[in-house]
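*Asks:* First the structure, which I've put down as structure tokens, then a few questions once you've had a look.
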Amino acid sequence: MKLEDYYTGLTRKLQDGGRTVGRLATRFIKAAPAMPALPPGSLVYRGEARTEPVRITVIDYDLEHHEQKEVERVEDCFPYRETKSTSWVNLSGVHDLDIIEKLGGHFHVHPLVLEDILHTSQRPKIEDHDHYTYIVLRMLQFGEQSGEVESEQVSLLLGRGWLLTFQEKAGDVFEPVRERVLNPESRLRKNRSDFLAYALIDAIVDHYFIVLEKVGDRIEALEEVIRLKPDPDALQLIHHLKREMIFMRRSIWPLREVVNQLYKGEVALFEEGTRLYLRDLYDHTVQIVETVESLRDMLSGLQDLYLSMVSNRMNEVMKVLTIIATIFIPLTFIAGIYGMNFDNMPELHTPFGYFVVLAVMLSCILGMLLFFRRKHWL
Amino acid sequence: MKLEDYYTGLTRKLQDGGRTVGRLATRFIKAAPAMPALPPGSLVYRGEARTEPVRITVIDYDLEHHEQKEVERVEDCFPYRETKSTSWVNLSGVHDLDIIEKLGGHFHVHPLVLEDILHTSQRPKIEDHDHYTYIVLRMLQFGEQSGEVESEQVSLLLGRGWLLTFQEKAGDVFEPVRERVLNPESRLRKNRSDFLAYALIDAIVDHYFIVLEKVGDRIEALEEVIRLKPDPDALQLIHHLKREMIFMRRSIWPLREVVNQLYKGEVALFEEGTRLYLRDLYDHTVQIVETVESLRDMLSGLQDLYLSMVSNRMNEVMKVLTIIATIFIPLTFIAGIYGMNFDNMPELHTPFGYFVVLAVMLSCILGMLLFFRRKHWL
Amino acid sequence: MKLEDYYTGLTRKLQDGGRTVGRLATRFIKAAPAMPALPPGSLVYRGEARTEPVRITVIDYDLEHHEQKEVERVEDCFPYRETKSTSWVNLSGVHDLDIIEKLGGHFHVHPLVLEDILHTSQRPKIEDHDHYTYIVLRMLQFGEQSGEVESEQVSLLLGRGWLLTFQEKAGDVFEPVRERVLNPESRLRKNRSDFLAYALIDAIVDHYFIVLEKVGDRIEALEEVIRLKPDPDALQLIHHLKREMIFMRRSIWPLREVVNQLYKGEVALFEEGTRLYLRDLYDHTVQIVETVESLRDMLSGLQDLYLSMVSNRMNEVMKVLTIIATIFIPLTFIAGIYGMNFDNMPELHTPFGYFVVLAVMLSCILGMLLFFRRKHWL
Amino acid sequence: MKLEDYYTGLTRKLQDGGRTVGRLATRFIKAAPAMPALPPGSLVYRGEARTEPVRITVIDYDLEHHEQKEVERVEDCFPYRETKSTSWVNLSGVHDLDIIEKLGGHFHVHPLVLEDILHTSQRPKIEDHDHYTYIVLRMLQFGEQSGEVESEQVSLLLGRGWLLTFQEKAGDVFEPVRERVLNPESRLRKNRSDFLAYALIDAIVDHYFIVLEKVGDRIEALEEVIRLKPDPDALQLIHHLKREMIFMRRSIWPLREVVNQLYKGEVALFEEGTRLYLRDLYDHTVQIVETVESLRDMLSGLQDLYLSMVSNRMNEVMKVLTIIATIFIPLTFIAGIYGMNFDNMPELHTPFGYFVVLAVMLSCILGMLLFFRRKHWL
Amino acid sequence: MKLEDYYTGLTRKLQDGGRTVGRLATRFIKAAPAMPALPPGSLVYRGEARTEPVRITVIDYDLEHHEQKEVERVEDCFPYRETKSTSWVNLSGVHDLDIIEKLGGHFHVHPLVLEDILHTSQRPKIEDHDHYTYIVLRMLQFGEQSGEVESEQVSLLLGRGWLLTFQEKAGDVFEPVRERVLNPESRLRKNRSDFLAYALIDAIVDHYFIVLEKVGDRIEALEEVIRLKPDPDALQLIHHLKREMIFMRRSIWPLREVVNQLYKGEVALFEEGTRLYLRDLYDHTVQIVETVESLRDMLSGLQDLYLSMVSNRMNEVMKVLTIIATIFIPLTFIAGIYGMNFDNMPELHTPFGYFVVLAVMLSCILGMLLFFRRKHWL
């Protein structure tokens, strides 16, 4: 892709899309329960309106066997709770209250937890309940079209031998994990549901790097653009990226906290063998946090660069104006003098007056040029 | 509502209202006891002057029965202290010293606590006394007319089996809780006074989201306005919203601390079953704190955007000036030369002198235009 | 007081008083022991030079009796150390070494403590010694004339049954406490010397609110002034107030620490009954700290507002210049052309040439105005 | 080297190298695992593509003997694991998976650790495993040509009696340590593998100072340049150095943490006698951190200086323009008046009218000059 | 000293001394061991080159006797280690390796400590060894000529009954302590070597106040200068002082840490009786830290003030230009019109045309002036 096209595309988007950027502000506050009068624990879906049916996938495996199927009715996945093997039930969509309620009932999940699964604007957190652990994360996507970081809530309910996962919409971020389950040699097959939970969180976290890389590419492109020609649109792009970074930070800082809690062994369901992997995961989240901070620093630096490039151009403009005006205004005045119509102006009648005046003007010009050179303006 | 109207309204308010904004500064310091000579524990009402009578509502309920009435004299609610059921006494107004004193006396409340109830500019805090717990919160409202975040003090006195609440003026934020009490199936009926206190705090906290959403809407609108036409009034609006955010922070940070203390179980009166709900409440306050910080960041970004939009326009203005001046000043000089009245100016008498000069001028203009294009000023 | 007068007064002060503001810098460093060669514990008075005699007041009281008198010689107050009642000795002035030394000797005060009493630029702190506690505070005054926050050191030596207080000069901040002692019903009479110490500290802290209120008033006034006409003097006032806030912070942050230590019960001399009051006091200091921070934020906001108001005016000036110059410079050039004296200028001799040129000029003007309107410069 | 040359070189680099600077952004994010679908613990080399063969050096020593050789096959160094003497195996290159895998297998290294060795963008950390400790550090180089701080990953695997080190490419930073091992009197020979690890870390840390010194030199040179002539290129250099500092910080802060953990004795393999040296090392890292922060502060100061130098020049330009225009525009107007061709202009026919007008013009000029001097513009 | 002279002196220094300021950057990094290949613990002097002989002074005292002498050979002071009385050996110069080595050998000092004594760019720290404590401090001087804060390393080795001190060069900061030792009544004579160490640290810390006072004086002077005439040199002075503050901070923050450790009783050699004095010392260091921070805040405020003074002047310049140009450019155009040479210009031949035009011009001027007054530009 040519740089020019890339840049033009970004710019057009921003110019058309006052509305789009406006939506950004909303993103930060949508957390607001629109109907504050409801008692806590009421099950109401609070996210983007969706209509597609919820897909329920069940994967059941242990060292020897492996089973993967899509079920029609939520009741079909109930028996898996009792199997000795590890069972993973994934719901792609949380807008069907009925399903959530039935599932929650069967797995004895507290109403407040179900409420959090439905309110798709939770900040990442971990809650340790009696017989299960509730983990909320945010999955990030970088919308190529919108240039925006999009965020989706992913909830994990981890029990002994089972794992329920809730996505807002169907996505393919869990696909690689699904494939690894197929492989009887993989570590997943040798471990329990806690390792599966780790593998899914790891897949989500790895996805963050891709978003960061895309943001990094845009920053690079922007820098070259600003270096070539400081354009007001470039500034709006910086402003836009800064906002996206504020948005990302809100997902990433609490994520680090969550992974830290896991790694520190505060959650009983995670076994000792998994903890070494959690340490690795924690290192990744720290790296993400630091990268976001570095990108923010770079954007600030870019803004400074832009502003001083603009002020440099302004100076150049002013210098040209000053040089031209300073040279010609006095000369025009001299010409004006000898354009006066007084009866008695002796110079006018000397034979070489005109040429003397021309010579004086020329020397004025030369003097000025010398003056400007000494001031380093030329 | 049309955007233009919305924006004009805000602006007019700010322009008329030097006084109004001035009042803001006062809001921050009204905490000052105007009469510092008074000994601590003296009961004096220190808030806005009010004259309406104080309404006293009593709600008494347990699993089976439910009673709700408004009492005339404060003494009428004394017997409820001793009932086995949960009793909630709500006062809408704290400007009647007599009532406060009698109530405080009957419930054995420490004079310093009563003083705090009357000084309606406390920061949110929690105080654990022997047989009761004192909680102060601030309820926020977003004044559509004034564009200001308005704050009201709400005090809760929680005892075993009773709860006293004090509002500065009659309001409807507790209405939904009152309705839920009517419902015999609600969790409120199954729990004690500590759950009632939680439900009220939750109602107050949920209200914060509404305020934040309104502020967010204004920021969105402002951003579009600035993008279209950077207007000095827009800057004043940014300045105004920033102040409101400083004001909100002062209520919200200590609130988080208060809820944290409750959630950590430092208050004995809150039972184990309620703590799960307090964790949920704590999550909400953290989300509010983060949203306020994000809005502040956005306002700073908006200010940067405004400033550079303005400086861009300035640059444009300067460029136009420079182009015009740089082209025409030298030409005027040339014209001036041939307007001189010297006797001996040979060019004047050549037949095509005039046309040659015109041609020279034209080529000057073209040269300049070329120069400007090469400098990317055109 | 009219706003204009108020503002003019402030401004005049700042303009005259390079010296006065200079003194500010000194305020921050006066802590410097001018004679570093002295061994620690040497008793030398290091404060403003004073000559008035030191007034010594003794108040002795318990539940039944009350005695208040001014003594001539310091020895006259020695016997009060041994009384069973509570004795309060107040010195208004610490510049008389002899008195301090005798008093210190009789009450067995460590030389380092006496040195601190004499060096009147201590930061607030608390020191717990064997049989007494040493507390240093700073009392603030807002000098109406100078517009400066003035600071005075107040030292308290609290023993069991006695309290020595040292002010730099006679003041009336302790007056209300003195009056409350007269009242046999007051809590002071029912408590010991620790409650008296609390009451005095409370009086000092309450005084801070008055200073803050005055600063707040000035900020309000400044804001209105800037809104009307951004004046360089206004900026200097902002700068001045910011400095005063830096100065106040230095007294207030350690004060909060001191009160926190008292409230946490780290000082054995303070009895359990007093601690409830200390919590109240601590709440006040927190509120003061927050108010100072809010005022600082507001001053920063005000500075931003000022700078952008100024830059707006600058833009306006530039626009006027550009519009005028851009319209008239080309017209002057056209006029110049037909002012040339070439023999052969056919247009000059057409009958309507003059009117055609006037028409062209008019259309130029109209075109320019249209252009400016489209650019939103008009 | 002449300052001018130095500066020109830096500038040219930056101007040519939009690409080079672009690469910077990449440096921060390359940490991103390009293939997030891989399961954790998969051995894939993720660093710059390299083809040179990996050199394996073995050094084996104790108090009496010393042996140093380069081995062909990795298996040749396996026997050294069992020797009683201290064995140091150094690999210059980690792009040969086969070697890493075999070595890891023989020394029983966990797959996640091997993965980290291969992913050459780890942040410095320390991991304590059962029978070995894994330490990752970053070695910094200052590229004279590119003006960039280049970073290379160095991994240490420390066991009882053996130490494996992994560099990304052959380098000479370990050379001095290798020479000290030759000396039978050196402390290295008297101590075990933990002291060897310390000596290597110390060599790496000492290298940081050299990088900092070079950056410091550039800042000095830049400052002189800005003082002489504030040039837009200078600003870009500041921007460039700021970025390098952001980059360095990312290596240095976690390094300090690592050394702190070593010094605090959290790693069992380090013996008591070595800890004194680790304290010394820790002091060095603190000094490096502080120096980086100071350099950042200085760069910010330099940027401020640059901006105000530029704005000073702008002011000067504006003043010249204003002075010239303000003097000559009114004069040109006067000349214009007497250039009008009205029939009835009495002044034109007085004998001295011309000279009177000249005198008036002269006095205008003088008046203006006086005005400017009073305004301190001249 | 006249303010003008003072200011001129400072300015001249900065203008001449690009080199001098350049040296500043070096100061921050000189810590770099120039020869990183050396093994730790190697004794090499790394400071400014010096040639003067090292003076060794011995003071030996207890309650009864007192002895003070200068010794030729370092061996002459060895016997004092064993005396029961307190022995203080002071070396003014650490560039003679031989002396340091012999002394270190006799007193059993660890080679790493000796290395630190020789590397004269340590940050302040305290190291507790078996039978002695090593304390490094930095002594500050304010160079009147250079306007720079100069720093010198002072090392203390405190043993039971003896104290070794190492200065970089002969200085008089310890002189007052030496004199106090002469006085048999002084606390020094009654205490042991730990009190002597305290007294010396106290002397060094007290010296900081003098440096701060001098910096404070410069800030005051600068402020007056800026208020009178914002001069680019003033900005460079601000920049210069800011740097010195960065430099001072680096010495002061770790110093506070050191004194805190002493005061907290973490060093066994300091006796209980000395701790009260250490608390006093700690208060002083806190005060120094706060003063440095306040001075930094003030310098930032000063920079803001400078920038807005400059921008105010710029505005004034622009206004003058605009007023003059806006008034005279249109008038010149009118004059130009009637200077055209068209045959048919009826106005030229009316008898009062000239006067009518003059009247029109006058009313233009008046109109403009009115317009400017309404805009508050006049």
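So you can find residues: chains in the structure tokens are A, B, ... in the order shown, residues in each start at 1, and ligands are numbered from 1 in order.
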Tell me which protein, DNA and RNA residues are within 7 Å of Tyr132 of chain C, counting only C-alpha atoms, leaving out same-chain ones fewer than 4 positions away, and put them as a list of chain:residue names.
*Replies:*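 Residues near the query, excluding close chain neighbours: C:Asp128, C:Leu157, C:Leu158, C:Gly159.
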*Asks:* For a quick test of understanding: name the residues of chain B lying within 7 Å of chain A when counting only C-alpha atoms, and present them as a count of residues only.
*Replies:* 29
*Asks:* Please measure the separation of atom CA of Leu241 of chain D and atom CA of Ser300 of chain D, giving the value in Å to one decimal.
*Replies:* 10.5 Å
*Asks:* For Leu63 of chain D, please output as number ranges by chain all residues within 9 Å (counting only C-alpha atoms; exclusion window: fewer than 3 positions along the same chain).
*Replies:* D: 66, 85, 184-185, 188-191
*Asks:* Those same residues, written as a PDB file, in the first residue's frame with N, CA, C and O atoms?
*Replies:*
ATOM      1  N   HIS D  66      43.060 -24.080  34.343  1.00  0.00           N
ATOM      2  CA  HIS D  66      42.307 -23.180  33.487  1.00  0.00           C
ATOM      3  C   HIS D  66      42.346 -23.716  32.069  1.00  0.00           C
ATOM      4  O   HIS D  66      43.408 -24.070  31.553  1.00  0.00           O
ATOM      5  N   SER D  85      35.007 -28.239  38.618  1.00  0.00           N
ATOM      6  CA  SER D  85      35.438 -26.863  38.366  1.00  0.00           C
ATOM      7  C   SER D  85      34.281 -26.054  37.778  1.00  0.00           C
ATOM      8  O   SER D  85      33.237 -26.579  37.429  1.00  0.00           O
ATOM      9  N   PRO D 184      45.575 -16.185  37.566  1.00  0.00           N
ATOM     10  CA  PRO D 184      45.288 -17.087  38.707  1.00  0.00           C
ATOM     11  C   PRO D 184      45.076 -16.329  40.009  1.00  0.00           C
ATOM     12  O   PRO D 184      44.542 -16.879  40.969  1.00  0.00           O
ATOM     13  N   GLU D 185      45.480 -15.050  40.059  1.00  0.00           N
ATOM     14  CA  GLU D 185      45.319 -14.264  41.279  1.00  0.00           C
ATOM     15  C   GLU D 185      43.949 -13.607  41.378  1.00  0.00           C
ATOM     16  O   GLU D 185      43.583 -13.054  42.419  1.00  0.00           O
ATOM     17  N   LEU D 188      37.968 -14.002  40.475  1.00  0.00           N
ATOM     18  CA  LEU D 188      37.149 -14.942  39.705  1.00  0.00           C
ATOM     19  C   LEU D 188      37.575 -16.382  39.964  1.00  0.00           C
ATOM     20  O   LEU D 188      36.751 -17.275  40.141  1.00  0.00           O
ATOM     21  N   ARG D 189      38.875 -16.596  39.954  1.00  0.00           N
ATOM     22  CA  ARG D 189      39.401 -17.949  40.113  1.00  0.00           C
ATOM     23  C   ARG D 189      39.109 -18.497  41.497  1.00  0.00           C
ATOM     24  O   ARG D 189      39.034 -19.704  41.708  1.00  0.00           O
ATOM     25  N   LYS D 190      38.995 -17.575  42.461  1.00  0.00           N
ATOM     26  CA  LYS D 190      38.772 -18.027  43.831  1.00  0.00           C
ATOM     27  C   LYS D 190      37.302 -18.299  44.115  1.00  0.00           C
ATOM     28  O   LYS D 190      36.938 -18.842  45.144  1.00  0.00           O
ATOM     29  N   ASN D 191      36.426 -17.867  43.224  1.00  0.00           N
ATOM     30  CA  ASN D 191      35.006 -18.014  43.475  1.00  0.00           C
ATOM     31  C   ASN D 191      34.352 -18.966  42.482  1.00  0.00           C
ATOM     32  O   ASN D 191      34.985 -19.452  41.548  1.00  0.00           O
TER      33      ASN D 191
END
*Asks:* Restricting the calculation to only C-alpha atoms, which member of A:His106, A:His284, A:His95, A:Arg46 is positioned closest to Gln167 of chain A?
*Replies:*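 Closest to Gln167 of chain A of all the choices is A:His95.
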*Asks:* Just give me the gap between atom CA of Glu148 of chain B and atom CA of Val215 of chain B in Å, one decimal is fine.
*Replies:*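 That distance, rounded to one decimal, is 9.6 Å.
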*Asks:* Do a neighbour search on Leu196 of chain D at 12 Å with only C-alpha atoms, toss out local chain neighbours closer than 6 positions, and write the hits as a PyMOL selection string.
*Replies:* (chain D and resi 59-62+86-89+156-165+174+177-178+180-181+186-190+202-203+269-271+274+277-278) or (chain E and resi 39)
*Asks:* DSSP on the backbone: which residues in segment 135-369 of chain D end up as alpha helix (DSSP H)? Give the answer as a ChimeraX atom specification.
*Replies:* /D:175-182,187-190,193-228,232-263,272-337,353-369
*Asks:* Fewer than 2 positions away in the same chain doesn't count, so skip those; otherwise give me all residues within 12 Å of Gly93 of chain D, counting only C-alpha atoms, as number ranges by chain.
*Replies:* D: 45, 47-57, 90-91, 95-97, 99-100, 117-118, 120, 152-155, 165-171
*Asks:* Can you write out the residues you just picked, keeping C-alpha atoms, as a tab-separated table (two decimals), in the first residue's frame?
*Replies:*
chain	number	residue	atom	x	y	z
D	45	TYR	CA	13.70	-18.05	16.68
D	47	GLY	CA	14.91	-12.02	16.05
D	48	GLU	CA	16.83	-10.48	13.17
D	49	ALA	CA	17.56	-13.02	10.45
D	50	ARG	CA	21.15	-14.26	10.75
D	51	THR	CA	23.16	-16.84	8.84
D	52	GLU	CA	26.63	-16.90	10.36
D	53	PRO	CA	27.43	-20.12	12.25
D	54	VAL	CA	27.05	-20.04	16.02
D	55	ARG	CA	30.37	-19.99	17.89
D	56	ILE	CA	30.50	-22.02	21.09
D	57	THR	CA	33.26	-21.22	23.55
D	90	ASN	CA	29.14	-19.01	25.72
D	91	LEU	CA	27.04	-19.10	22.51
D	95	HIS	CA	19.39	-18.49	15.68
D	96	ASP	CA	20.35	-22.17	15.51
D	97	LEU	CA	17.38	-23.96	17.05
D	99	ILE	CA	21.92	-26.24	19.22
D	100	ILE	CA	19.64	-24.47	21.69
D	117	ILE	CA	16.11	-17.18	24.97
D	118	LEU	CA	14.99	-17.37	21.36
D	120	THR	CA	15.21	-11.73	21.54
D	152	GLU	CA	20.95	-6.90	22.11
D	153	GLN	CA	19.56	-9.62	24.36
D	154	VAL	CA	21.96	-11.51	26.62
D	155	SER	CA	20.66	-14.57	28.48
D	165	THR	CA	25.49	-17.42	28.25
D	166	PHE	CA	23.68	-16.58	25.02
D	167	GLN	CA	24.48	-13.50	22.95
D	168	GLU	CA	22.61	-12.49	19.79
D	169	LYS	CA	25.86	-12.01	17.89
D	170	ALA	CA	29.57	-12.16	18.57
D	171	GLY	CA	30.71	-9.17	20.64
*Asks:* In Å to one decimal, how far is atom CA of His119 of chain E from atom CA of Gln287 of chain D?
*Replies:*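 Taking atom CA of Gln287 of chain D and atom CA of His119 of chain E, their separation equals 13.0 Å.
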*Asks:* Nearest residue to Leu114 of chain E out of E:Met248, E:Val58, E:Leu43, E:Met139, using only C-alpha atoms?
*Replies:*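 Ranking E:Met248, E:Val58, E:Leu43, E:Met139 by distance to Leu114 of chain E, first place goes to E:Leu43.
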